[in-house]
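K.L.:
Questions regarding the structure given below will be posed in turn.
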Amino acid sequence: MLRTLNVAIAIIRCDDRVMICRRKAEDTFGGYWEFPGGKFEPGESPEACIRREIREELAIEIRPTRALRVFCHNYSRVRVRLHPFIVEIVQGEPQMLECAEILWILPAEIRQYRFPGANQHFVPMVIAALERGEGGRGRRHHRRRRGCGEASGASGPALRR
């Protein structure tokens, strides 16, 4: 029987864009793209986990606006149970504390990026929810100035290490 890991992930919205992060080369699935998040600590709720993980990985405060359906994926040695949330930034500017690159992209562009297998199952649902405007549109205030919504080619601007 496979060990199960509960993982909360954030689909971070800003205007019509969504944030994706590239994993560092030395990490598991190095170079792949992901929605940021991480493993639950003992006794931690999914909402508390996603707030803590995003604070640790990106140095921002978020507010979950909608929980999406939980998805499971079996890897060879572990079963991952993903708890996705659509969230908005309520304080701070994203910093690359635990990733190599950050992109703000349109929901329809998500399929153009390589994600770990566990993410592939729910990407169509995420795209549909974002395109329907579920979970709000995110706030415009200071994040707009930093470029989360302005296009730079096909996708929004990038932050890179």
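Order determines the names: the first chain of the structure tokens is A, the second B, and so forth; residues in each chain are numbered 1 upward, and ligands are numbered 1 upward as they are shown.
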Would you mind listing what lies within 12 Å of A:Thr4 as an MDAnalysis selection string, with only C-alpha atoms counted and same-chain residues fewer than 6 positions away left out?
P.N.:
chainID A and resid 39:40 72:82
K.L.:
Take the residues that were just selected and, keeping N, CA and C atoms, output them as a PDB file, in the first residue's frame.
P.N.:
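Final output, saved to part_28.pdb:
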```pdb
ATOM      1  N   LYS A  39       3.128  20.201   1.441  1.00  0.00           N
ATOM      2  CA  LYS A  39       2.570  19.158   2.295  1.00  0.00           C
ATOM      3  C   LYS A  39       1.973  19.703   3.589  1.00  0.00           C
ATOM      4  N   PHE A  40       0.903  19.049   4.010  1.00  0.00           N
ATOM      5  CA  PHE A  40       0.275  19.361   5.293  1.00  0.00           C
ATOM      6  C   PHE A  40       1.220  18.999   6.428  1.00  0.00           C
ATOM      7  N   CYS A  72      -6.439  12.801  -6.559  1.00  0.00           N
ATOM      8  CA  CYS A  72      -5.392  11.889  -6.120  1.00  0.00           C
ATOM      9  C   CYS A  72      -4.601  11.407  -7.329  1.00  0.00           C
ATOM     10  N   HIS A  73      -3.315  11.173  -7.110  1.00  0.00           N
ATOM     11  CA  HIS A  73      -2.447  10.654  -8.158  1.00  0.00           C
ATOM     12  C   HIS A  73      -1.440   9.711  -7.511  1.00  0.00           C
ATOM     13  N   ASN A  74      -1.272   8.541  -8.115  1.00  0.00           N
ATOM     14  CA  ASN A  74      -0.309   7.575  -7.617  1.00  0.00           C
ATOM     15  C   ASN A  74       0.985   7.660  -8.412  1.00  0.00           C
ATOM     16  N   TYR A  75       2.075   7.911  -7.693  1.00  0.00           N
ATOM     17  CA  TYR A  75       3.409   7.768  -8.252  1.00  0.00           C
ATOM     18  C   TYR A  75       3.896   6.382  -7.850  1.00  0.00           C
ATOM     19  N   SER A  76       5.085   5.993  -8.242  1.00  0.00           N
ATOM     20  CA  SER A  76       5.556   4.636  -7.955  1.00  0.00           C
ATOM     21  C   SER A  76       5.694   4.356  -6.459  1.00  0.00           C
ATOM     22  N   ARG A  77       6.012   5.377  -5.663  1.00  0.00           N
ATOM     23  CA  ARG A  77       6.260   5.140  -4.229  1.00  0.00           C
ATOM     24  C   ARG A  77       5.331   5.899  -3.290  1.00  0.00           C
ATOM     25  N   VAL A  78       4.490   6.772  -3.827  1.00  0.00           N
ATOM     26  CA  VAL A  78       3.644   7.592  -2.960  1.00  0.00           C
ATOM     27  C   VAL A  78       2.352   7.963  -3.692  1.00  0.00           C
ATOM     28  N   ARG A  79       1.296   8.098  -2.912  1.00  0.00           N
ATOM     29  CA  ARG A  79       0.030   8.609  -3.429  1.00  0.00           C
ATOM     30  C   ARG A  79      -0.088  10.053  -2.967  1.00  0.00           C
ATOM     31  N   VAL A  80      -0.343  10.968  -3.909  1.00  0.00           N
ATOM     32  CA  VAL A  80      -0.478  12.384  -3.588  1.00  0.00           C
ATOM     33  C   VAL A  80      -1.956  12.752  -3.675  1.00  0.00           C
ATOM     34  N   ARG A  81      -2.461  13.343  -2.611  1.00  0.00           N
ATOM     35  CA  ARG A  81      -3.834  13.859  -2.586  1.00  0.00           C
ATOM     36  C   ARG A  81      -3.727  15.381  -2.627  1.00  0.00           C
ATOM     37  N   LEU A  82      -4.105  15.971  -3.766  1.00  0.00           N
ATOM     38  CA  LEU A  82      -3.985  17.410  -3.979  1.00  0.00           C
ATOM     39  C   LEU A  82      -5.273  18.127  -3.577  1.00  0.00           C
TER      40      LEU A  82
END
```
K.L.:
From a DSSP pass on the backbone, collect the residues of chain A flagged as strand (DSSP E) and hand them back as a count of residues only.
P.N.:
56
K.L.:
Skipping near chain neighbours, those fewer than 3 positions away, what residues fall within 9 Å of stretch 59-67 of chain A using only C-alpha atoms, listed as number ranges by chain?
P.N.:
A: 10, 12, 47, 50-52, 54-56, 70, 83-97, 134-136
K.L.:
Quick one: residues within 10 Å of A:Glu131, only C-alpha atoms, excluding same-chain residues fewer than 3 positions away - as a list in words?
P.N.:
Asp16, Leu106, Pro107, Ala108, Met125, Val126, Ile127, Ala128 and Glu134 of chain A
K.L.:
Which polymer residues have any atom within 12 Å of an atom of A:Glu41, counting only C-alpha atoms, with same-chain residues fewer than 4 positions away left out, as a VMD selection string?
P.N.:
chain A and resid 5 to 8 45 to 50 52 to 53
K.L.:
Could those residues be written to a file, using N, CA, C and O atoms, as an mmCIF file, in the first residue's frame?
P.N.:
```cif
data_model
loop_
_atom_site.group_PDB
_atom_site.id
_atom_site.type_symbol
_atom_site.label_atom_id
_atom_site.label_comp_id
_atom_site.auth_asym_id
_atom_site.auth_seq_id
_atom_site.Cartn_x
_atom_site.Cartn_y
_atom_site.Cartn_z
ATOM 1 N N LEU A 5 0.395 11.386 0.751
ATOM 2 C CA LEU A 5 0.780 12.750 1.124
ATOM 3 C C LEU A 5 -0.362 13.688 0.767
ATOM 4 O O LEU A 5 -0.830 13.693 -0.376
ATOM 5 N N ASN A 6 -0.812 14.467 1.734
ATOM 6 C CA ASN A 6 -1.798 15.511 1.476
ATOM 7 C C ASN A 6 -1.046 16.791 1.157
ATOM 8 O O ASN A 6 -0.177 17.215 1.919
ATOM 9 N N VAL A 7 -1.382 17.391 0.025
ATOM 10 C CA VAL A 7 -0.694 18.578 -0.463
ATOM 11 C C VAL A 7 -1.731 19.634 -0.837
ATOM 12 O O VAL A 7 -2.670 19.349 -1.577
ATOM 13 N N ALA A 8 -1.560 20.846 -0.310
ATOM 14 C CA ALA A 8 -2.421 21.972 -0.684
ATOM 15 C C ALA A 8 -1.714 22.765 -1.768
ATOM 16 O O ALA A 8 -0.498 22.984 -1.693
ATOM 17 N N SER A 45 -5.090 22.107 8.826
ATOM 18 C CA SER A 45 -6.192 22.104 7.858
ATOM 19 C C SER A 45 -5.651 22.454 6.476
ATOM 20 O O SER A 45 -4.581 23.078 6.352
ATOM 21 N N PRO A 46 -6.390 22.101 5.411
ATOM 22 C CA PRO A 46 -5.936 22.490 4.061
ATOM 23 C C PRO A 46 -5.758 24.002 3.916
ATOM 24 O O PRO A 46 -4.781 24.450 3.316
ATOM 25 N N GLU A 47 -6.673 24.794 4.474
ATOM 26 C CA GLU A 47 -6.586 26.256 4.360
ATOM 27 C C GLU A 47 -5.369 26.804 5.100
ATOM 28 O O GLU A 47 -4.672 27.687 4.596
ATOM 29 N N ALA A 48 -5.108 26.274 6.297
ATOM 30 C CA ALA A 48 -3.933 26.717 7.055
ATOM 31 C C ALA A 48 -2.653 26.318 6.324
ATOM 32 O O ALA A 48 -1.687 27.084 6.276
ATOM 33 N N CYS A 49 -2.649 25.127 5.745
ATOM 34 C CA CYS A 49 -1.481 24.653 5.004
ATOM 35 C C CYS A 49 -1.170 25.565 3.824
ATOM 36 O O CYS A 49 -0.018 25.965 3.642
ATOM 37 N N ILE A 50 -2.184 25.899 3.027
ATOM 38 C CA ILE A 50 -1.900 26.698 1.835
ATOM 39 C C ILE A 50 -1.421 28.092 2.205
ATOM 40 O O ILE A 50 -0.511 28.634 1.579
ATOM 41 N N ARG A 52 0.298 28.902 4.946
ATOM 42 C CA ARG A 52 1.673 28.756 5.445
ATOM 43 C C ARG A 52 2.643 28.505 4.298
ATOM 44 O O ARG A 52 3.699 29.140 4.208
ATOM 45 N N GLU A 53 2.307 27.573 3.419
ATOM 46 C CA GLU A 53 3.201 27.230 2.317
ATOM 47 C C GLU A 53 3.468 28.425 1.397
ATOM 48 O O GLU A 53 4.598 28.649 0.995
#
```
K.L.:
Closest to A:Met19 among A:Leu103, A:Arg114, A:Arg69, A:Phe122, using only C-alpha atoms?
P.N.:
A:Leu103
K.L.:
For the atom pair atom CA of A:Leu58 and atom CA of A:Phe29, what is the interatomic distance in Å to one decimal place?
P.N.:
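Distance between the two atoms: 18.8 Å.
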K.L.:
Could you work out how far atom CA of A:Glu34 lies from atom CA of A:Arg17, giving the answer in Å with one decimal?
P.N.:
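According to the coordinates, atom CA of A:Arg17 and atom CA of A:Glu34 are separated by 14.7 Å.
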